[in-house]
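Raw contents of my_file-v4.txt, compact mmCIF, C-alpha atoms and all ligand atoms:
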```
# COMPACT_ATOMS: atom_id res chain seq x y z
CA MET A 9 3.21 -11.12 -9.71
CA GLY A 10 5.63 -9.00 -11.78
CA CYS A 11 2.73 -7.21 -13.50
CA LEU A 12 0.90 -6.67 -10.23
CA TRP A 13 3.94 -5.21 -8.44
CA ALA A 14 4.99 -3.05 -11.41
CA ALA A 15 1.48 -1.56 -11.62
CA ARG A 16 1.19 -0.99 -7.87
CA ILE A 17 4.67 0.59 -7.65
CA TRP A 18 3.87 2.88 -10.59
CA GLN A 19 0.55 3.96 -9.00
CA HIS A 20 2.25 4.55 -5.66
CA ALA A 21 4.99 6.69 -7.22
CA GLN A 22 2.42 8.79 -9.08
CA ARG A 23 0.74 9.63 -5.80
CA SER A 24 3.98 10.46 -3.99
CA GLU A 25 6.74 13.07 -4.39
CA LEU A 26 8.87 10.46 -6.16
CA GLY A 27 6.55 10.37 -9.17
CA LYS A 28 6.92 14.11 -9.69
CA ARG A 29 10.72 13.80 -9.90
CA ILE A 30 11.13 10.61 -11.95
CA ALA A 31 9.87 10.26 -15.52
CA GLN A 32 9.38 6.50 -15.33
CA PRO A 33 9.07 5.23 -11.74
CA ALA A 34 8.64 1.54 -12.59
CA THR A 35 10.05 -0.42 -15.51
CA LEU A 36 8.98 -3.95 -16.27
CA LEU A 37 12.05 -5.80 -17.56
CA LEU A 38 10.81 -8.21 -20.19
CA ARG A 39 12.37 -11.47 -21.21
CA ASP A 40 12.79 -10.87 -24.94
CA GLU A 41 11.70 -9.05 -28.12
CA ALA A 42 8.60 -11.21 -28.52
CA ALA A 43 7.41 -10.18 -25.05
CA LEU A 44 8.13 -6.53 -25.94
CA ALA A 45 6.12 -6.81 -29.16
CA ARG A 46 3.14 -8.22 -27.22
CA TRP A 47 3.51 -5.39 -24.73
CA GLN A 48 3.48 -2.74 -27.44
CA ARG A 49 0.04 -3.90 -28.58
CA ILE A 50 -1.32 -3.19 -25.09
CA GLY A 51 0.80 -0.25 -23.87
CA GLY A 52 0.51 -0.87 -20.17
CA VAL A 53 -0.48 -3.28 -17.46
CA LEU A 54 -4.23 -3.77 -17.34
CA LEU A 55 -4.90 -4.06 -13.62
CA GLU A 56 -8.22 -5.42 -12.39
CA SER A 57 -8.88 -4.89 -8.73
CA ASP A 58 -12.14 -4.74 -6.76
CA GLY A 59 -14.12 -4.92 -9.99
CA ALA A 60 -12.43 -1.87 -11.60
CA GLU A 61 -9.98 -2.03 -14.54
CA THR A 62 -7.13 0.48 -14.95
CA LEU A 63 -4.51 0.69 -17.68
CA VAL A 64 -1.28 1.50 -15.82
CA PRO A 65 1.37 2.84 -18.23
CA VAL A 66 4.47 1.39 -16.52
CA GLY A 67 7.66 1.51 -18.61
CA THR A 68 9.13 -1.58 -20.23
CA SER A 69 12.47 -2.62 -21.57
CA THR A 70 14.50 -5.72 -22.33
CA ILE A 71 18.08 -6.10 -21.19
CA ALA A 72 19.19 -5.83 -24.82
CA HIS A 73 17.62 -2.33 -24.95
CA SER A 74 19.93 -1.12 -22.12
CA PRO A 75 17.33 -0.04 -19.56
CA GLY A 76 20.03 1.91 -17.67
CA GLN A 77 21.35 1.43 -14.17
CA ILE A 78 19.09 -0.30 -11.68
CA ASP A 79 18.81 1.05 -8.12
CA LYS A 80 16.04 -1.24 -6.95
CA LEU A 81 15.19 -4.58 -8.46
CA LEU A 82 12.11 -6.59 -7.59
CA LEU A 83 12.82 -10.10 -8.83
CA CYS A 84 9.46 -11.70 -9.62
CA THR A 85 10.27 -15.08 -11.16
CA LYS A 86 9.60 -18.66 -10.24
CA ALA A 87 12.15 -20.01 -7.75
CA GLN A 88 14.09 -21.98 -10.39
CA ASP A 89 14.48 -18.92 -12.65
CA ALA A 90 15.62 -16.48 -9.96
CA LEU A 91 19.40 -16.92 -10.06
CA PRO A 92 19.73 -16.96 -13.88
CA ALA A 93 17.44 -13.91 -14.10
CA LEU A 94 19.46 -12.04 -11.49
CA LEU A 95 22.78 -12.93 -13.14
CA SER A 96 21.43 -11.66 -16.47
CA VAL A 97 20.82 -8.17 -15.01
CA ALA A 98 23.77 -8.11 -12.59
CA PRO A 99 25.91 -5.88 -14.86
CA LEU A 100 23.16 -3.23 -14.74
CA LEU A 101 22.92 -3.09 -10.95
CA HIS A 102 24.15 0.09 -9.24
CA ALA A 103 26.89 -0.59 -6.65
CA ASP A 104 24.37 0.14 -3.83
CA ALA A 105 21.40 -1.49 -5.52
CA GLN A 106 18.73 -3.13 -3.37
CA VAL A 107 17.46 -6.46 -4.68
CA LEU A 108 14.09 -7.70 -3.45
CA LEU A 109 13.44 -11.42 -3.91
CA VAL A 110 9.77 -12.37 -4.26
CA GLN A 111 10.24 -16.14 -4.72
CA ASN A 112 8.45 -18.93 -2.88
CA GLY A 113 10.47 -21.36 -0.82
CA ILE A 114 13.87 -20.70 0.69
CA LYS A 115 16.31 -22.54 -1.58
CA ALA A 116 16.52 -19.85 -4.27
CA GLN A 117 17.12 -17.15 -1.66
CA ARG A 118 19.87 -19.17 0.04
CA THR A 119 21.54 -19.93 -3.29
CA ILE A 120 21.47 -16.27 -4.36
CA ALA A 121 22.85 -15.12 -0.99
CA GLU A 122 25.70 -17.63 -1.40
CA CYS A 123 26.49 -16.78 -5.04
CA LEU A 124 26.17 -12.97 -4.72
CA PRO A 125 27.16 -12.17 -1.13
CA ALA A 126 27.99 -8.51 -1.85
CA LEU A 127 24.44 -7.63 -2.94
CA ALA A 128 21.99 -5.98 -0.53
CA LEU A 129 19.30 -8.67 -0.57
CA TYR A 130 15.77 -8.40 0.80
CA CYS A 131 12.87 -10.83 0.67
CA LEU A 132 9.22 -10.03 0.12
CA SER A 133 6.96 -12.81 1.29
CA THR A 134 3.41 -12.25 0.20
CA SER A 135 -0.03 -13.79 0.46
CA HIS A 136 -1.57 -11.61 -2.28
CA GLY A 137 -3.39 -13.59 -4.93
CA ALA A 138 -3.00 -12.60 -8.57
CA TYR A 139 -3.44 -14.25 -11.93
CA LEU A 140 -3.07 -13.25 -15.57
CA ARG A 141 -6.21 -13.15 -17.72
CA SER A 142 -4.00 -12.70 -20.77
CA ASP A 143 -0.63 -11.03 -21.51
CA TYR A 144 -0.17 -8.03 -19.15
CA SER A 145 -3.77 -8.25 -17.96
CA VAL A 146 -3.55 -9.04 -14.26
CA VAL A 147 -6.29 -9.60 -11.70
CA HIS A 148 -5.45 -8.71 -8.09
CA ALA A 149 -7.72 -11.47 -6.83
CA GLY A 150 -6.92 -11.78 -3.15
CA HIS A 151 -5.82 -8.82 -1.05
CA GLY A 152 -3.37 -10.33 1.40
CA GLN A 153 -0.30 -9.06 3.14
CA ALA A 154 3.37 -8.71 2.33
CA HIS A 155 6.32 -8.91 4.69
CA LEU A 156 9.66 -7.40 3.81
CA GLY A 157 12.95 -8.06 5.53
CA SER A 158 16.67 -8.09 4.99
CA LEU A 159 18.21 -11.40 3.94
CA ASN A 160 21.86 -10.62 4.51
CA GLY A 161 21.83 -7.38 6.53
CA GLY A 162 20.99 -9.17 9.76
CA LYS A 163 17.94 -8.56 11.93
CA LEU A 164 18.98 -4.99 12.65
CA ALA A 165 18.77 -3.38 9.21
CA ALA A 166 18.99 0.35 9.97
CA ILE A 167 15.65 2.03 10.73
CA ASP A 168 16.18 4.73 8.05
CA GLU A 169 17.03 2.04 5.49
CA ARG A 170 13.79 0.20 6.33
CA SER A 171 11.65 3.28 6.12
CA SER A 172 13.16 4.54 2.87
CA LEU A 173 12.55 1.12 1.34
CA LEU A 174 9.00 0.96 2.67
CA ASP A 175 8.32 4.54 1.44
CA SER A 176 9.45 3.65 -2.06
CA LEU A 177 7.05 0.68 -2.20
CA PRO A 178 3.24 0.60 -2.30
CA SER A 179 3.18 -0.22 1.41
CA ALA A 180 -0.46 0.84 1.87
CA SER A 181 -2.06 -0.77 -1.19
CA MET A 182 -0.02 -3.98 -0.84
CA ASN A 183 -0.18 -4.00 2.96
CA ILE A 184 3.61 -4.30 3.42
CA GLN A 185 5.14 -4.60 6.86
CA TRP A 186 8.76 -4.88 7.90
CA ASP A 187 9.75 -8.23 9.39
CA SER A 188 13.05 -8.41 11.24
CA ASP A 189 12.97 -12.22 11.03
CA ILE A 190 12.07 -12.68 7.38
CA THR A 191 14.15 -15.87 7.20
CA GLY A 192 12.00 -17.49 9.90
CA ARG A 193 8.89 -16.45 7.96
CA LEU A 194 10.27 -17.97 4.73
CA TRP A 195 11.05 -21.27 6.46
CA THR A 196 7.54 -21.40 7.87
CA LYS A 197 5.94 -20.67 4.49
CA PHE A 198 8.25 -23.27 2.92
CA ALA A 199 6.96 -25.93 5.36
CA VAL A 200 3.37 -24.95 4.51
CA ASN A 201 4.03 -25.19 0.76
CA CYS A 202 5.68 -28.63 1.25
CA ALA A 203 2.52 -29.83 2.99
CA ILE A 204 -0.10 -28.36 0.66
CA ASN A 205 1.03 -27.86 -2.91
CA ALA A 206 1.93 -31.37 -4.08
CA LEU A 207 -1.03 -32.93 -2.25
CA THR A 208 -3.50 -30.64 -4.04
CA VAL A 209 -2.10 -32.01 -7.32
CA ILE A 210 -2.23 -35.64 -6.18
CA HIS A 211 -5.87 -35.21 -5.09
CA ASP A 212 -6.66 -32.69 -7.85
CA CYS A 213 -8.54 -30.54 -5.38
CA ARG A 214 -9.04 -27.07 -3.97
CA ASN A 215 -6.94 -26.21 -0.90
CA GLY A 216 -9.86 -26.66 1.53
CA GLU A 217 -10.58 -30.19 0.31
CA LEU A 218 -7.30 -31.40 1.82
CA LEU A 219 -9.15 -31.09 5.13
CA THR A 220 -12.40 -32.70 4.04
CA LEU A 221 -11.39 -35.60 1.76
CA PRO A 222 -10.64 -38.38 4.31
CA VAL A 223 -7.70 -39.95 2.42
CA ALA A 224 -6.14 -36.55 1.73
CA ALA A 225 -6.66 -35.38 5.32
CA ALA A 226 -4.91 -38.49 6.73
CA GLN A 227 -2.02 -38.11 4.28
CA LEU A 228 -1.74 -34.40 5.13
CA ARG A 229 -1.57 -35.10 8.85
CA ASP A 230 1.21 -37.70 8.46
CA LEU A 231 3.16 -35.55 6.00
CA CYS A 232 2.99 -32.57 8.38
CA GLY A 233 4.48 -34.75 11.13
CA GLU A 234 7.38 -35.73 8.87
CA ILE A 235 7.96 -32.11 7.77
CA GLU A 236 7.97 -31.05 11.42
CA ARG A 237 10.67 -33.63 12.21
CA ILE A 238 12.88 -32.42 9.36
CA MET A 239 12.34 -28.77 10.25
CA LEU A 240 13.65 -29.52 13.75
CA THR A 241 17.07 -30.02 12.14
CA VAL A 242 17.06 -26.49 10.64
CA ALA A 243 18.46 -24.01 13.14
CA GLN A 244 16.95 -20.91 11.46
CA CYS A 245 13.44 -22.34 11.41
CA PRO A 246 11.18 -21.03 14.22
CA GLN A 247 10.58 -23.80 16.79
CA PRO A 248 8.20 -25.32 17.62
CA LEU A 249 6.77 -24.91 14.16
CA ASN A 250 3.43 -26.72 14.66
CA VAL A 251 3.24 -27.47 10.95
CA LEU A 252 -0.20 -29.10 11.02
CA ALA A 253 -1.80 -26.20 12.93
CA ARG A 254 -0.28 -23.64 10.55
CA VAL A 255 -1.31 -25.64 7.51
CA GLU A 256 -4.88 -25.96 8.79
CA THR A 257 -5.05 -22.18 9.27
CA VAL A 258 -3.81 -21.53 5.72
CA LEU A 259 -6.16 -24.14 4.26
CA ALA A 260 -9.14 -22.61 6.05
CA ALA A 261 -8.21 -19.12 4.82
CA THR A 262 -7.66 -20.25 1.21
CA ALA A 263 -10.24 -23.06 1.11
CA GLN A 264 -11.70 -22.09 -2.28
CA ASN A 265 -8.32 -21.48 -3.96
CA TYR A 266 -6.39 -23.76 -6.25
CA SER A 267 -2.75 -23.90 -5.15
CA SER A 268 -0.21 -22.26 -7.43
CA THR A 269 1.25 -25.70 -8.20
CA LEU A 270 -2.10 -27.19 -9.23
CA GLN A 271 -2.65 -24.18 -11.51
CA ASP A 272 0.81 -24.75 -13.02
CA VAL A 273 0.09 -28.44 -13.64
CA HIS A 274 -3.33 -27.69 -15.18
CA ASN A 275 -1.63 -25.21 -17.52
CA ALA A 276 1.32 -27.56 -18.27
CA ARG A 277 3.75 -24.96 -16.85
CA PRO A 278 6.93 -25.79 -14.93
CA THR A 279 6.25 -26.05 -11.19
CA GLU A 280 8.30 -25.09 -8.13
CA ILE A 281 7.95 -28.50 -6.50
CA ALA A 282 11.71 -29.18 -6.72
CA TYR A 283 12.10 -26.08 -4.53
CA PHE A 284 9.45 -27.32 -2.06
CA ASN A 285 9.35 -31.09 -1.50
CA GLY A 286 12.51 -31.66 -3.55
CA TYR A 287 14.45 -29.30 -1.27
CA LEU A 288 12.90 -30.92 1.81
CA SER A 289 14.42 -34.27 0.70
CA GLU A 290 17.80 -32.56 0.29
CA LEU A 291 17.54 -31.11 3.81
CA ALA A 292 16.61 -34.54 5.20
CA ARG A 293 19.62 -36.13 3.48
CA LEU A 294 21.93 -33.41 4.85
CA ALA A 295 20.66 -34.17 8.36
CA ASN A 296 20.90 -37.95 7.82
CA ARG A 297 17.14 -38.36 8.19
CA ASP A 298 14.73 -40.36 6.07
CA CYS A 299 11.59 -38.76 4.70
CA PRO A 300 9.64 -41.66 3.14
CA LEU A 301 6.27 -39.85 3.04
CA ASN A 302 7.74 -36.82 1.34
CA ASP A 303 9.61 -39.05 -1.14
CA ALA A 304 6.37 -40.92 -1.94
CA VAL A 305 4.51 -37.62 -2.42
CA LEU A 306 7.27 -36.42 -4.74
CA SER A 307 7.18 -39.51 -6.90
CA SER A 308 3.34 -39.51 -7.23
CA PHE A 309 3.48 -35.80 -8.00
CA ASN A 310 6.19 -36.24 -10.65
CA ALA A 311 4.20 -39.00 -12.39
CA ILE A 312 1.07 -36.79 -12.55
CA ALA A 313 3.00 -33.70 -13.70
CA GLN A 314 4.72 -35.76 -16.41
CA ARG A 315 1.35 -37.07 -17.70
CA ALA A 316 0.01 -33.49 -17.76
CA ARG A 317 2.94 -32.38 -19.93
CA ASP A 318 2.69 -35.34 -22.39
O1 LIG B 401 1.24 -20.44 -1.28
C1 LIG B 401 0.36 -21.17 -1.66
C2 LIG B 401 0.37 -21.57 -3.07
O2 LIG B 401 -0.67 -21.84 -3.65
O3 LIG B 401 1.49 -21.61 -3.62
C3 LIG B 401 -0.65 -21.70 -0.70
C4 LIG B 401 -0.21 -21.37 0.71
C5 LIG B 401 -0.77 -23.19 -0.84
C6 LIG B 401 -1.99 -21.04 -0.88
O4 LIG B 401 -2.63 -21.43 -2.05
```
Mind turning this structure into structure tokens?
Amino acid sequence: MGCLWAARIWQHAQRSELGKRIAQPATLLLRDEAALARWQRIGGVLLESDGAETLVPVGTSTIAHSPGQIDKLLLCTKAQDALPALLSVAPLLHADAQVLLVQNGIKAQRTIAECLPALALYCLSTSHGAYLRSDYSVVHAGHGQAHLGSLNGGKLAAIDERSSLLDSLPSASMNIQWDSDITGRLWTKFAVNCAINALTVIHDCRNGELLTLPVAAAQLRDLCGEIERIMLTVAQCPQPLNVLARVETVLAATAQNYSSTLQDVHNARPTEIAYFNGYLSELARLANRDCPLNDAVLSSFNAIAQRARD
């Protein structure tokens, strides 16, 4: 996602007034020297979209190379890496910097809002599909939508603030719309991820097969009921949530896809499941509710993920 957004922001800036004024409109902040060395062999993000390949020469830096003050930060990490990544760049943030969180789930966003309350925080919730073919070679596979909203500025973030933020982003190519209830949207997406992601690993299947494999479909239906009951205890979550209906819509739209969690397990990468079903268990405990189906899903998932790593 980081490569996709950096390339799209760079392309957008080149086409707008901004690009004419700023030498380097988008800088990809890399983890370390090894990542920088790999980057130098390529010299840009290779973006594949609609069958065409473009080398987009976005800038790069590591924190050690003092990239300068940051006015706008798009934080594209897995949920569990978001807070440490943000803390590592915090000294570089301008006093009025805008930080856009692109994580799945809702736990990372809540934790960051609690730990860094003075920051202007926004969330970008997206359904774009992207994957890396190799280092810095990204395929924009599914053109979806993105919703942007303020996390701690309340529902009424000033109109000029919204439009300047939307103008600075590739709102057309990434189909970005402002959402004045981004928190509600994140809770809804969280419920959907709790229902789908772990089950696709347990049944080792494409998203759509959760509707067609009889055992998976029955498990999905029961799990959605349990998620719905826990979500009722969360005041910020839109009610009624109709988890099963939402999940069925997402599964139909992404039937041929492998969930991000199944891709992580197949590639022996860390997953975000602790931020999906793990967080759901925490919410249930906080509300003094049991969630036996979710707990069973978590323990089957953990056993499979462990075997995949061994
Ligand atoms: O967000 C997703 C993911 O894979 O993480 C879903 C909604 C399950 C679509 O694949």
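Compared by their closest atoms to Ser307 in chain A, and using all atoms listed in the file, the residues A:Leu124, A:Ala206, A:Val258, A:Leu91 rank with A:Ala206 nearest.
Omitting Ala225 in chain A and its sequence neighbours fewer than 5 positions away, and counting all atoms listed in the file, the residues within 12 Å are Ala203, Ile204, Leu207, Thr208, His211, Cys213, Asn215, Gly216, Glu217, Leu218, Leu219, Thr220, Asp230, Leu231, Cys232, Leu252, Val255, Glu256 and Leu259 of chain A.
As for CA of Gly192 in chain A and CA of Gln244 in chain A, they are spaced 6.2 Å apart.
Relative to CA of Ala116 in chain A, CA of His102 in chain A is found at 21.9 Å.
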**Request:** Go through the chains and note each residue within 8 Å of ligand LIG 401 (chain B), using only C-alpha atoms and all ligand atoms, then give the set as a VMD selection string.
**Result:** chain A and resid 112 135 197 200 to 201 204 to 205 215 258 to 259 262 265 to 270
- Using only C-alpha atoms, determine which residues lie at most 6 Å from His155 in chain A, disregarding the query and same-chain residues fewer than 3 positions distant; provide the list as a PyMOL selection string. chain A and resi 132-133+184-187
Might I get the box with edges along x, y and z of the file that holds all atoms of range 103-117 of chain A listed there, padded by 6 Å on every side, given as centre and edge lengths in Å to one decimal, as JSON?
```
{"center_x": 17.7, "center_y": -11.2, "center_z": -3.0, "size_x": 30.4, "size_y": 34.7, "size_z": 19.3}
```
_Polymer residues at most 9 Å from Ala295 in chain A, only C-alpha atoms, same-chain spacing of 3 or more positions, as a PyMOL selection string_ = chain A and resi 238+241-242+290-292+298
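With only C-alpha atoms as the atoms that count, the residue of A:Tyr144, A:Tyr139, A:Tyr130, A:Tyr287 with the shortest distance to Pro65 in chain A is A:Tyr144.
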Notebook entry, point to check: Ser179 in chain A: which residues within 10 Å, counting all atoms listed in the file, same-chain residues fewer than 2 positions away excluded, as a PyMOL selection string?
Noted result: chain A and resi 16-17+20+153-156+173-177+181-186
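Nearest-residue note for Asp212 in chain A: choosing from A:Trp18, A:Gln271, A:Asn285, A:Val53, the minimum distance belongs to A:Gln271, counting only C-alpha atoms.
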Among A:Ser188, A:Thr196, A:Thr119, A:Asn296, Arg170 in chain A is approached most closely, using all atoms listed in the file, by A:Ser188
note - CA of Leu37 in chain A and CA of Trp13 in chain A are separated by 12.2 Å
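Of the listed residues A:Ala260, A:Leu159, A:Leu36, A:Leu54, the one whose atoms come nearest to Val147 in chain A is A:Leu54, with distances taken using only C-alpha atoms.
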Since the input lacks some atoms of range 127-146 of chain A, please model N, CA, C and O atoms and print them as a CSV table (one decimal), keeping the file's coordinate frame.
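Output below, filename part-v3.csv:
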```csv
chain,number,residue,atom,x,y,z
A,127,LEU,N,25.7,-8.4,-2.6
A,127,LEU,CA,24.4,-7.6,-2.9
A,127,LEU,C,23.6,-7.4,-1.7
A,127,LEU,O,23.6,-8.2,-0.8
A,128,ALA,N,22.9,-6.2,-1.6
A,128,ALA,CA,22.0,-6.0,-0.5
A,128,ALA,C,20.7,-6.7,-0.9
A,128,ALA,O,19.9,-6.3,-1.8
A,129,LEU,N,20.4,-7.8,-0.2
A,129,LEU,CA,19.3,-8.7,-0.6
A,129,LEU,C,18.2,-8.6,0.5
A,129,LEU,O,18.4,-8.6,1.7
A,130,TYR,N,17.0,-8.5,0.0
A,130,TYR,CA,15.8,-8.4,0.8
A,130,TYR,C,14.8,-9.5,0.3
A,130,TYR,O,14.9,-9.8,-0.9
A,131,CYS,N,13.9,-9.9,1.1
A,131,CYS,CA,12.9,-10.8,0.7
A,131,CYS,C,11.5,-10.2,0.9
A,131,CYS,O,11.3,-9.6,2.0
A,132,LEU,N,10.6,-10.4,0.0
A,132,LEU,CA,9.2,-10.0,0.1
A,132,LEU,C,8.4,-11.3,0.1
A,132,LEU,O,8.4,-12.0,-0.9
A,133,SER,N,7.8,-11.6,1.2
A,133,SER,CA,7.0,-12.8,1.3
A,133,SER,C,5.5,-12.3,1.3
A,133,SER,O,5.1,-11.5,2.1
A,134,THR,N,4.7,-12.8,0.3
A,134,THR,CA,3.4,-12.2,0.2
A,134,THR,C,2.3,-13.3,0.1
A,134,THR,O,2.5,-14.4,-0.4
A,135,SER,N,1.1,-12.9,0.6
A,135,SER,CA,0.0,-13.8,0.5
A,135,SER,C,-1.1,-13.2,-0.5
A,135,SER,O,-2.2,-13.6,-0.5
A,136,HIS,N,-0.6,-12.2,-1.3
A,136,HIS,CA,-1.6,-11.6,-2.3
A,136,HIS,C,-1.8,-12.6,-3.4
A,136,HIS,O,-0.9,-13.3,-3.8
A,137,GLY,N,-3.1,-12.7,-3.8
A,137,GLY,CA,-3.4,-13.6,-4.9
A,137,GLY,C,-3.5,-12.8,-6.2
A,137,GLY,O,-4.2,-11.7,-6.2
A,138,ALA,N,-2.9,-13.3,-7.3
A,138,ALA,CA,-3.0,-12.6,-8.6
A,138,ALA,C,-2.9,-13.6,-9.7
A,138,ALA,O,-2.3,-14.7,-9.5
A,139,TYR,N,-3.6,-13.4,-10.8
A,139,TYR,CA,-3.4,-14.2,-11.9
A,139,TYR,C,-3.6,-13.4,-13.2
A,139,TYR,O,-4.2,-12.3,-13.2
A,140,LEU,N,-3.0,-14.0,-14.3
A,140,LEU,CA,-3.1,-13.2,-15.6
A,140,LEU,C,-4.3,-13.7,-16.3
A,140,LEU,O,-4.5,-14.9,-16.5
A,141,ARG,N,-5.1,-12.8,-16.8
A,141,ARG,CA,-6.2,-13.2,-17.7
A,141,ARG,C,-5.6,-13.4,-19.1
A,141,ARG,O,-6.1,-14.3,-19.8
A,142,SER,N,-4.7,-12.5,-19.5
A,142,SER,CA,-4.0,-12.7,-20.8
A,142,SER,C,-2.7,-11.9,-20.6
A,142,SER,O,-2.5,-11.4,-19.5
A,143,ASP,N,-1.9,-11.7,-21.7
A,143,ASP,CA,-0.6,-11.0,-21.5
A,143,ASP,C,-0.9,-9.7,-20.9
A,143,ASP,O,-1.7,-8.9,-21.4
A,144,TYR,N,-0.2,-9.4,-19.8
A,144,TYR,CA,-0.2,-8.0,-19.2
A,144,TYR,C,-1.5,-7.6,-18.6
A,144,TYR,O,-1.8,-6.4,-18.3
A,145,SER,N,-2.5,-8.6,-18.5
A,145,SER,CA,-3.8,-8.2,-18.0
A,145,SER,C,-3.9,-9.0,-16.7
A,145,SER,O,-4.1,-10.3,-16.7
A,146,VAL,N,-3.7,-8.3,-15.5
A,146,VAL,CA,-3.6,-9.0,-14.3
A,146,VAL,C,-4.7,-8.7,-13.4
A,146,VAL,O,-5.2,-7.6,-13.3
```
